[in-house]
Amino acid sequence: MDADLLLLDQRLLPHEEKFIHCENAEDTARAVTDMVVRGAPAIGVTAAYGMVLAARHAWRQSGADWKTAMQGDVRTLAAARPTAVNLGWAIARMDDLLRTLPGDADPEPALLAEARAIHEEDVAANHVLGDLGASLIEGRTSVITHCNAGALATGGYGTALGVIRSAWKAGKLNHVYADETRPWLQGSRLTAWEMVRDGIPVSLLADGAAAARLAAGGVTWVVVGSDRIAANGDVANKIGTYSLALVARAHGVKVMVAAPTSTIDMNCPSGADIPIETRDPGELLACGGSPVASAGAQAWNPVFDVTPAELVDAIVTERGIISAPDARKLAMHMA
Ligand code: MRU
């Protein structure tokens, strides 16, 4: 029997560890849209496996016409979420390969090998950038992170949480503060889950408490991931990252953005060009399925924001560290 794609349903964490089966590209796209799997690199890896499922079905149904037959599925996968560039990056990489494949042979083995390579390369990149990011942390300190940029959000190990894991191993960390990250609570549900499992001391903060925590001292770095980094170094990440970066600058706390190069979009000139996803207002008006707002209130629910490059002290990728990022440094980094 052919293997399905199994995805840990992150919506149920930390209470339940249940896997969802995706039999085809449509199931896979729905899992991305509905937040079963989330986090920019994880979405990219998932889309790569979704392309394998799309090709499998197209080959079975249409034989030698499989490349044309899977185009609808490719569009469905690409449209699953708009902000994380890793999704389109992974689909483009799979597409480049499939164009070179013969029409008259089963494409699945070659595409599956490529999807696995994307997955494994992401894990390897996270280990490299995690160690590099940790090398920026001096002495022994505490850090604050926002959302979840951990193993759950990537192929494994994590970007921001990769830096934190490496710093912890190096004996450089006292404590991790994690913003709870309304409305999906990626901080409370996912980052805390990962830190507790690794034995790394973690305290949750209501998002609005971050400024007071930085004012209190003892935290020297904000460490976050990203969904898309524009060519000028502007960074899209989970809503609230921008306010955290502003507060950090006001308190002399440095901001580190940890992300693989698959998150850098050189075709996107600045943050103003990054498509920002706005989700259902109902996600804000309720919490855990229970209404929390006055009936009749409306809500505005953009789920990402853009932190201007001038508020970022370092972008760390698997290729190295970009200090005080700007367009020239990004271009050199990606050359
Ligand atoms: O809406 P989400 O949970 O997909 O948002 C995730 C984030 O904003 C992460 O910080 C980002 O994708 C980096 S993950 C390594």
# chains A, B, ... in the order shown; residues from 1 in each chain; ligands from 1
>>> residues_near_ligand(ligand="ligand 1", cutoff="8 Å", atoms="only C-alpha atoms and all ligand atoms", output="MDAnalysis selection string")
chainID A and resid 35 37:43 84 146:151 153:154 158:160 184 186 224:227 236:239 258:259 303:304
>>> closest_atom_pairs(of="segment 51-149 of chain A", to="segment 309-321 of chain A", cutoff="7 Å", atoms="only C-alpha atoms", output="JSON lines")
{"residue": "A:Ala125", "atom": "CA", "partner": "A:Glu318", "partner_atom": "CA", "distance": 5.0}
{"residue": "A:Asn126", "atom": "CA", "partner": "A:Glu318", "partner_atom": "CA", "distance": 6.9}
{"residue": "A:Val128", "atom": "CA", "partner": "A:Glu318", "partner_atom": "CA", "distance": 5.4}
{"residue": "A:Leu129", "atom": "CA", "partner": "A:Glu318", "partner_atom": "CA", "distance": 4.6}
{"residue": "A:Gly133", "atom": "CA", "partner": "A:Val316", "partner_atom": "CA", "distance": 6.1}
>>> write_last_selection(atoms="all heavy atoms", output="compact mmCIF listing (two decimals), in the first residue's frame")
# COMPACT_ATOMS: atom_id res chain seq x y z
N ALA A 125 19.99 22.78 7.88
CA ALA A 125 20.15 24.24 7.92
C ALA A 125 19.85 24.77 9.32
O ALA A 125 20.56 25.65 9.83
CB ALA A 125 19.22 24.89 6.90
N ASN A 126 18.84 24.21 9.96
CA ASN A 126 18.48 24.68 11.30
C ASN A 126 19.60 24.42 12.32
O ASN A 126 19.85 25.25 13.19
CB ASN A 126 17.19 24.01 11.78
CG ASN A 126 15.99 24.52 11.01
OD1 ASN A 126 16.03 25.58 10.41
ND2 ASN A 126 14.92 23.75 11.01
N VAL A 128 22.79 24.29 11.65
CA VAL A 128 23.88 25.24 11.36
C VAL A 128 23.51 26.64 11.85
O VAL A 128 24.28 27.30 12.56
CB VAL A 128 24.21 25.25 9.84
CG1 VAL A 128 25.21 26.35 9.52
CG2 VAL A 128 24.74 23.89 9.40
N LEU A 129 22.31 27.11 11.48
CA LEU A 129 21.95 28.48 11.86
C LEU A 129 21.69 28.57 13.37
O LEU A 129 21.91 29.64 13.98
CB LEU A 129 20.79 29.01 11.02
CG LEU A 129 19.38 28.44 11.16
CD1 LEU A 129 18.60 29.13 12.26
CD2 LEU A 129 18.63 28.62 9.84
N GLY A 133 23.57 31.34 15.44
CA GLY A 133 22.81 32.32 16.23
C GLY A 133 23.24 32.29 17.68
O GLY A 133 23.43 33.33 18.32
>>> residues_around(residues="His251 of chain A", least_positions_apart="4", cutoff="9 Å", atoms="only C-alpha atoms", output="PyMOL selection string")
chain A and resi 211+214-215+217+246-247
>>> write_last_selection(atoms="C-alpha atoms", output="PDB file, in the first residue's frame")
ATOM      1  CA  ALA A 211       7.543  45.469  27.237  1.00  0.00           C
ATOM      2  CA  LEU A 214      12.271  43.812  28.781  1.00  0.00           C
ATOM      3  CA  ALA A 215      12.115  46.891  31.034  1.00  0.00           C
ATOM      4  CA  GLY A 217      16.194  43.654  32.613  1.00  0.00           C
ATOM      5  CA  LEU A 246      10.147  48.366  18.741  1.00  0.00           C
ATOM      6  CA  VAL A 247      10.116  47.687  22.461  1.00  0.00           C
TER       7      VAL A 247
END
>>> closest_residue(among="A:Asp265, A:Asp273, A:Glu26, A:Glu16", to="Met334 of chain A", atoms="only C-alpha atoms")
A:Asp265
>>> select_by_dssp(residues="segment 96-200 of chain A", states="alpha helix (DSSP H)", output="PDB file with N, CA, C and O atoms, in the first residue's frame")
ATOM      1  N   ASP A  96      10.637  22.508 -10.787  1.00  0.00           N
ATOM      2  CA  ASP A  96      11.855  22.486 -11.606  1.00  0.00           C
ATOM      3  C   ASP A  96      12.265  21.049 -11.897  1.00  0.00           C
ATOM      4  O   ASP A  96      12.669  20.718 -13.013  1.00  0.00           O
ATOM      5  N   LEU A  97      12.154  20.189 -10.870  1.00  0.00           N
ATOM      6  CA  LEU A  97      12.557  18.798 -11.073  1.00  0.00           C
ATOM      7  C   LEU A  97      11.568  18.091 -11.996  1.00  0.00           C
ATOM      8  O   LEU A  97      11.964  17.393 -12.938  1.00  0.00           O
ATOM      9  N   LEU A  98      10.284  18.296 -11.733  1.00  0.00           N
ATOM     10  CA  LEU A  98       9.303  17.500 -12.507  1.00  0.00           C
ATOM     11  C   LEU A  98       9.349  17.834 -14.000  1.00  0.00           C
ATOM     12  O   LEU A  98       9.085  16.991 -14.843  1.00  0.00           O
ATOM     13  N   ARG A  99       9.753  19.059 -14.320  1.00  0.00           N
ATOM     14  CA  ARG A  99       9.886  19.424 -15.736  1.00  0.00           C
ATOM     15  C   ARG A  99      10.946  18.583 -16.445  1.00  0.00           C
ATOM     16  O   ARG A  99      10.887  18.375 -17.643  1.00  0.00           O
ATOM     17  N   THR A 100      11.928  18.095 -15.692  1.00  0.00           N
ATOM     18  CA  THR A 100      13.016  17.316 -16.309  1.00  0.00           C
ATOM     19  C   THR A 100      12.668  15.826 -16.401  1.00  0.00           C
ATOM     20  O   THR A 100      13.421  15.055 -16.991  1.00  0.00           O
ATOM     21  N   GLU A 108       6.826   9.305  -9.169  1.00  0.00           N
ATOM     22  CA  GLU A 108       6.821   9.367  -7.698  1.00  0.00           C
ATOM     23  C   GLU A 108       8.194   9.159  -7.057  1.00  0.00           C
ATOM     24  O   GLU A 108       8.559   9.934  -6.156  1.00  0.00           O
ATOM     25  N   PRO A 109       8.977   8.153  -7.504  1.00  0.00           N
ATOM     26  CA  PRO A 109      10.256   7.945  -6.789  1.00  0.00           C
ATOM     27  C   PRO A 109      11.151   9.186  -6.819  1.00  0.00           C
ATOM     28  O   PRO A 109      11.704   9.580  -5.790  1.00  0.00           O
ATOM     29  N   ALA A 110      11.251   9.837  -7.975  1.00  0.00           N
ATOM     30  CA  ALA A 110      12.145  11.005  -8.077  1.00  0.00           C
ATOM     31  C   ALA A 110      11.602  12.173  -7.256  1.00  0.00           C
ATOM     32  O   ALA A 110      12.360  12.870  -6.560  1.00  0.00           O
ATOM     33  N   LEU A 111      10.283  12.374  -7.303  1.00  0.00           N
ATOM     34  CA  LEU A 111       9.710  13.507  -6.568  1.00  0.00           C
ATOM     35  C   LEU A 111       9.766  13.268  -5.057  1.00  0.00           C
ATOM     36  O   LEU A 111      10.012  14.193  -4.280  1.00  0.00           O
ATOM     37  N   LEU A 112       9.560  11.998  -4.661  1.00  0.00           N
ATOM     38  CA  LEU A 112       9.643  11.695  -3.229  1.00  0.00           C
ATOM     39  C   LEU A 112      11.067  11.926  -2.713  1.00  0.00           C
ATOM     40  O   LEU A 112      11.276  12.490  -1.630  1.00  0.00           O
ATOM     41  N   ALA A 113      12.044  11.546  -3.522  1.00  0.00           N
ATOM     42  CA  ALA A 113      13.444  11.764  -3.111  1.00  0.00           C
ATOM     43  C   ALA A 113      13.715  13.261  -2.960  1.00  0.00           C
ATOM     44  O   ALA A 113      14.404  13.690  -2.023  1.00  0.00           O
ATOM     45  N   GLU A 114      13.152  14.080  -3.845  1.00  0.00           N
ATOM     46  CA  GLU A 114      13.371  15.533  -3.761  1.00  0.00           C
ATOM     47  C   GLU A 114      12.678  16.117  -2.521  1.00  0.00           C
ATOM     48  O   GLU A 114      13.247  16.967  -1.827  1.00  0.00           O
ATOM     49  N   ALA A 115      11.456  15.669  -2.254  1.00  0.00           N
ATOM     50  CA  ALA A 115      10.743  16.164  -1.065  1.00  0.00           C
ATOM     51  C   ALA A 115      11.521  15.790   0.201  1.00  0.00           C
ATOM     52  O   ALA A 115      11.661  16.598   1.127  1.00  0.00           O
ATOM     53  N   ARG A 116      12.045  14.570   0.215  1.00  0.00           N
ATOM     54  CA  ARG A 116      12.835  14.158   1.392  1.00  0.00           C
ATOM     55  C   ARG A 116      14.102  15.000   1.509  1.00  0.00           C
ATOM     56  O   ARG A 116      14.529  15.349   2.620  1.00  0.00           O
ATOM     57  N   ALA A 117      14.684  15.340   0.359  1.00  0.00           N
ATOM     58  CA  ALA A 117      15.901  16.180   0.391  1.00  0.00           C
ATOM     59  C   ALA A 117      15.565  17.564   0.952  1.00  0.00           C
ATOM     60  O   ALA A 117      16.311  18.110   1.777  1.00  0.00           O
ATOM     61  N   ILE A 118      14.437  18.136   0.527  1.00  0.00           N
ATOM     62  CA  ILE A 118      14.019  19.452   1.056  1.00  0.00           C
ATOM     63  C   ILE A 118      13.859  19.365   2.568  1.00  0.00           C
ATOM     64  O   ILE A 118      14.310  20.234   3.318  1.00  0.00           O
ATOM     65  N   HIS A 119      13.239  18.294   3.006  1.00  0.00           N
ATOM     66  CA  HIS A 119      12.999  18.077   4.443  1.00  0.00           C
ATOM     67  C   HIS A 119      14.338  17.965   5.205  1.00  0.00           C
ATOM     68  O   HIS A 119      14.584  18.675   6.181  1.00  0.00           O
ATOM     69  N   GLU A 120      15.215  17.100   4.698  1.00  0.00           N
ATOM     70  CA  GLU A 120      16.493  16.872   5.398  1.00  0.00           C
ATOM     71  C   GLU A 120      17.376  18.116   5.365  1.00  0.00           C
ATOM     72  O   GLU A 120      18.045  18.445   6.348  1.00  0.00           O
ATOM     73  N   GLU A 121      17.366  18.821   4.244  1.00  0.00           N
ATOM     74  CA  GLU A 121      18.192  20.040   4.144  1.00  0.00           C
ATOM     75  C   GLU A 121      17.700  21.094   5.134  1.00  0.00           C
ATOM     76  O   GLU A 121      18.494  21.868   5.671  1.00  0.00           O
ATOM     77  N   ASP A 122      16.386  21.139   5.361  1.00  0.00           N
ATOM     78  CA  ASP A 122      15.869  22.124   6.313  1.00  0.00           C
ATOM     79  C   ASP A 122      16.363  21.807   7.731  1.00  0.00           C
ATOM     80  O   ASP A 122      16.792  22.698   8.466  1.00  0.00           O
ATOM     81  N   VAL A 123      16.328  20.533   8.084  1.00  0.00           N
ATOM     82  CA  VAL A 123      16.821  20.156   9.427  1.00  0.00           C
ATOM     83  C   VAL A 123      18.300  20.518   9.553  1.00  0.00           C
ATOM     84  O   VAL A 123      18.740  21.117  10.546  1.00  0.00           O
ATOM     85  N   ALA A 124      19.073  20.186   8.517  1.00  0.00           N
ATOM     86  CA  ALA A 124      20.517  20.479   8.564  1.00  0.00           C
ATOM     87  C   ALA A 124      20.759  21.979   8.663  1.00  0.00           C
ATOM     88  O   ALA A 124      21.604  22.440   9.444  1.00  0.00           O
ATOM     89  N   ALA A 125      19.990  22.775   7.884  1.00  0.00           N
ATOM     90  CA  ALA A 125      20.149  24.241   7.916  1.00  0.00           C
ATOM     91  C   ALA A 125      19.855  24.768   9.322  1.00  0.00           C
ATOM     92  O   ALA A 125      20.561  25.648   9.833  1.00  0.00           O
ATOM     93  N   ASN A 126      18.843  24.207   9.959  1.00  0.00           N
ATOM     94  CA  ASN A 126      18.482  24.683  11.302  1.00  0.00           C
ATOM     95  C   ASN A 126      19.598  24.424  12.315  1.00  0.00           C
ATOM     96  O   ASN A 126      19.847  25.253  13.191  1.00  0.00           O
ATOM     97  N   HIS A 127      20.258  23.276  12.194  1.00  0.00           N
ATOM     98  CA  HIS A 127      21.361  23.007  13.124  1.00  0.00           C
ATOM     99  C   HIS A 127      22.501  24.011  12.916  1.00  0.00           C
ATOM    100  O   HIS A 127      23.062  24.532  13.878  1.00  0.00           O
ATOM    101  N   VAL A 128      22.793  24.293  11.647  1.00  0.00           N
ATOM    102  CA  VAL A 128      23.884  25.238  11.365  1.00  0.00           C
ATOM    103  C   VAL A 128      23.510  26.637  11.849  1.00  0.00           C
ATOM    104  O   VAL A 128      24.276  27.297  12.562  1.00  0.00           O
ATOM    105  N   LEU A 129      22.315  27.108  11.482  1.00  0.00           N
ATOM    106  CA  LEU A 129      21.949  28.478  11.860  1.00  0.00           C
ATOM    107  C   LEU A 129      21.687  28.575  13.372  1.00  0.00           C
ATOM    108  O   LEU A 129      21.913  29.638  13.981  1.00  0.00           O
ATOM    109  N   GLY A 130      21.262  27.479  13.964  1.00  0.00           N
ATOM    110  CA  GLY A 130      21.070  27.474  15.421  1.00  0.00           C
ATOM    111  C   GLY A 130      22.389  27.711  16.143  1.00  0.00           C
ATOM    112  O   GLY A 130      22.484  28.549  17.050  1.00  0.00           O
ATOM    113  N   ASP A 131      23.429  27.007  15.701  1.00  0.00           N
ATOM    114  CA  ASP A 131      24.750  27.182  16.329  1.00  0.00           C
ATOM    115  C   ASP A 131      25.301  28.582  16.048  1.00  0.00           C
ATOM    116  O   ASP A 131      25.895  29.213  16.927  1.00  0.00           O
ATOM    117  N   LEU A 132      25.085  29.061  14.823  1.00  0.00           N
ATOM    118  CA  LEU A 132      25.584  30.411  14.475  1.00  0.00           C
ATOM    119  C   LEU A 132      24.889  31.472  15.324  1.00  0.00           C
ATOM    120  O   LEU A 132      25.534  32.390  15.842  1.00  0.00           O
ATOM    121  N   GLY A 133      23.566  31.341  15.435  1.00  0.00           N
ATOM    122  CA  GLY A 133      22.808  32.316  16.227  1.00  0.00           C
ATOM    123  C   GLY A 133      23.244  32.287  17.683  1.00  0.00           C
ATOM    124  O   GLY A 133      23.426  33.334  18.317  1.00  0.00           O
ATOM    125  N   ALA A 134      23.479  31.082  18.202  1.00  0.00           N
ATOM    126  CA  ALA A 134      23.902  30.960  19.605  1.00  0.00           C
ATOM    127  C   ALA A 134      25.257  31.618  19.816  1.00  0.00           C
ATOM    128  O   ALA A 134      25.538  32.165  20.891  1.00  0.00           O
ATOM    129  N   SER A 135      26.092  31.610  18.776  1.00  0.00           N
ATOM    130  CA  SER A 135      27.434  32.211  18.921  1.00  0.00           C
ATOM    131  C   SER A 135      27.345  33.723  19.115  1.00  0.00           C
ATOM    132  O   SER A 135      28.287  34.349  19.610  1.00  0.00           O
ATOM    133  N   LEU A 136      26.213  34.327  18.733  1.00  0.00           N
ATOM    134  CA  LEU A 136      26.044  35.776  18.931  1.00  0.00           C
ATOM    135  C   LEU A 136      25.714  36.124  20.381  1.00  0.00           C
ATOM    136  O   LEU A 136      25.850  37.275  20.805  1.00  0.00           O
ATOM    137  N   ALA A 160      14.366  29.902  15.395  1.00  0.00           N
ATOM    138  CA  ALA A 160      14.570  30.622  16.660  1.00  0.00           C
ATOM    139  C   ALA A 160      14.787  29.624  17.806  1.00  0.00           C
ATOM    140  O   ALA A 160      15.691  29.795  18.631  1.00  0.00           O
ATOM    141  N   LEU A 161      13.987  28.574  17.845  1.00  0.00           N
ATOM    142  CA  LEU A 161      14.183  27.585  18.919  1.00  0.00           C
ATOM    143  C   LEU A 161      15.432  26.748  18.670  1.00  0.00           C
ATOM    144  O   LEU A 161      15.989  26.168  19.610  1.00  0.00           O
ATOM    145  N   GLY A 162      15.900  26.687  17.424  1.00  0.00           N
ATOM    146  CA  GLY A 162      17.204  26.063  17.142  1.00  0.00           C
ATOM    147  C   GLY A 162      18.308  26.873  17.804  1.00  0.00           C
ATOM    148  O   GLY A 162      19.217  26.311  18.439  1.00  0.00           O
ATOM    149  N   VAL A 163      18.242  28.207  17.672  1.00  0.00           N
ATOM    150  CA  VAL A 163      19.221  29.090  18.328  1.00  0.00           C
ATOM    151  C   VAL A 163      19.147  28.874  19.836  1.00  0.00           C
ATOM    152  O   VAL A 163      20.174  28.736  20.522  1.00  0.00           O
ATOM    153  N   ILE A 164      17.926  28.832  20.350  1.00  0.00           N
ATOM    154  CA  ILE A 164      17.735  28.663  21.796  1.00  0.00           C
ATOM    155  C   ILE A 164      18.250  27.294  22.253  1.00  0.00           C
ATOM    156  O   ILE A 164      18.935  27.177  23.271  1.00  0.00           O
ATOM    157  N   ARG A 165      17.966  26.249  21.479  1.00  0.00           N
ATOM    158  CA  ARG A 165      18.469  24.914  21.843  1.00  0.00           C
ATOM    159  C   ARG A 165      20.006  24.904  21.855  1.00  0.00           C
ATOM    160  O   ARG A 165      20.624  24.353  22.773  1.00  0.00           O
ATOM    161  N   SER A 166      20.607  25.515  20.832  1.00  0.00           N
ATOM    162  CA  SER A 166      22.076  25.518  20.764  1.00  0.00           C
ATOM    163  C   SER A 166      22.656  26.346  21.905  1.00  0.00           C
ATOM    164  O   SER A 166      23.682  25.973  22.492  1.00  0.00           O
ATOM    165  N   ALA A 167      22.011  27.484  22.212  1.00  0.00           N
ATOM    166  CA  ALA A 167      22.505  28.337  23.302  1.00  0.00           C
ATOM    167  C   ALA A 167      22.382  27.613  24.641  1.00  0.00           C
ATOM    168  O   ALA A 167      23.262  27.705  25.506  1.00  0.00           O
ATOM    169  N   TRP A 168      21.301  26.883  24.804  1.00  0.00           N
ATOM    170  CA  TRP A 168      21.103  26.117  26.054  1.00  0.00           C
ATOM    171  C   TRP A 168      22.201  25.065  26.205  1.00  0.00           C
ATOM    172  O   TRP A 168      22.820  24.926  27.258  1.00  0.00           O
ATOM    173  N   LYS A 169      22.470  24.352  25.094  1.00  0.00           N
ATOM    174  CA  LYS A 169      23.523  23.322  25.135  1.00  0.00           C
ATOM    175  C   LYS A 169      24.884  23.934  25.463  1.00  0.00           C
ATOM    176  O   LYS A 169      25.714  23.311  26.112  1.00  0.00           O
ATOM    177  N   ALA A 192       6.067  26.447  24.444  1.00  0.00           N
ATOM    178  CA  ALA A 192       6.206  25.943  25.820  1.00  0.00           C
ATOM    179  C   ALA A 192       6.316  24.411  25.808  1.00  0.00           C
ATOM    180  O   ALA A 192       7.124  23.827  26.535  1.00  0.00           O
ATOM    181  N   TRP A 193       5.540  23.765  24.966  1.00  0.00           N
ATOM    182  CA  TRP A 193       5.562  22.290  24.849  1.00  0.00           C
ATOM    183  C   TRP A 193       6.959  21.815  24.451  1.00  0.00           C
ATOM    184  O   TRP A 193       7.520  20.897  25.045  1.00  0.00           O
ATOM    185  N   GLU A 194       7.531  22.473  23.447  1.00  0.00           N
ATOM    186  CA  GLU A 194       8.871  22.067  22.991  1.00  0.00           C
ATOM    187  C   GLU A 194       9.927  22.323  24.065  1.00  0.00           C
ATOM    188  O   GLU A 194      10.823  21.503  24.287  1.00  0.00           O
ATOM    189  N   MET A 195       9.849  23.475  24.722  1.00  0.00           N
ATOM    190  CA  MET A 195      10.863  23.810  25.734  1.00  0.00           C
ATOM    191  C   MET A 195      10.770  22.868  26.936  1.00  0.00           C
ATOM    192  O   MET A 195      11.785  22.389  27.444  1.00  0.00           O
ATOM    193  N   VAL A 196       9.552  22.603  27.382  1.00  0.00           N
ATOM    194  CA  VAL A 196       9.368  21.713  28.534  1.00  0.00           C
ATOM    195  C   VAL A 196       9.893  20.314  28.209  1.00  0.00           C
ATOM    196  O   VAL A 196      10.597  19.689  29.010  1.00  0.00           O
ATOM    197  N   ARG A 197       9.610  19.832  26.999  1.00  0.00           N
ATOM    198  CA  ARG A 197      10.102  18.507  26.602  1.00  0.00           C
ATOM    199  C   ARG A 197      11.625  18.431  26.607  1.00  0.00           C
ATOM    200  O   ARG A 197      12.210  17.391  26.846  1.00  0.00           O
ATOM    201  N   ASP A 198      12.279  19.584  26.285  1.00  0.00           N
ATOM    202  CA  ASP A 198      13.745  19.610  26.244  1.00  0.00           C
ATOM    203  C   ASP A 198      14.357  19.983  27.593  1.00  0.00           C
ATOM    204  O   ASP A 198      15.575  20.096  27.701  1.00  0.00           O
TER     205      ASP A 198
END
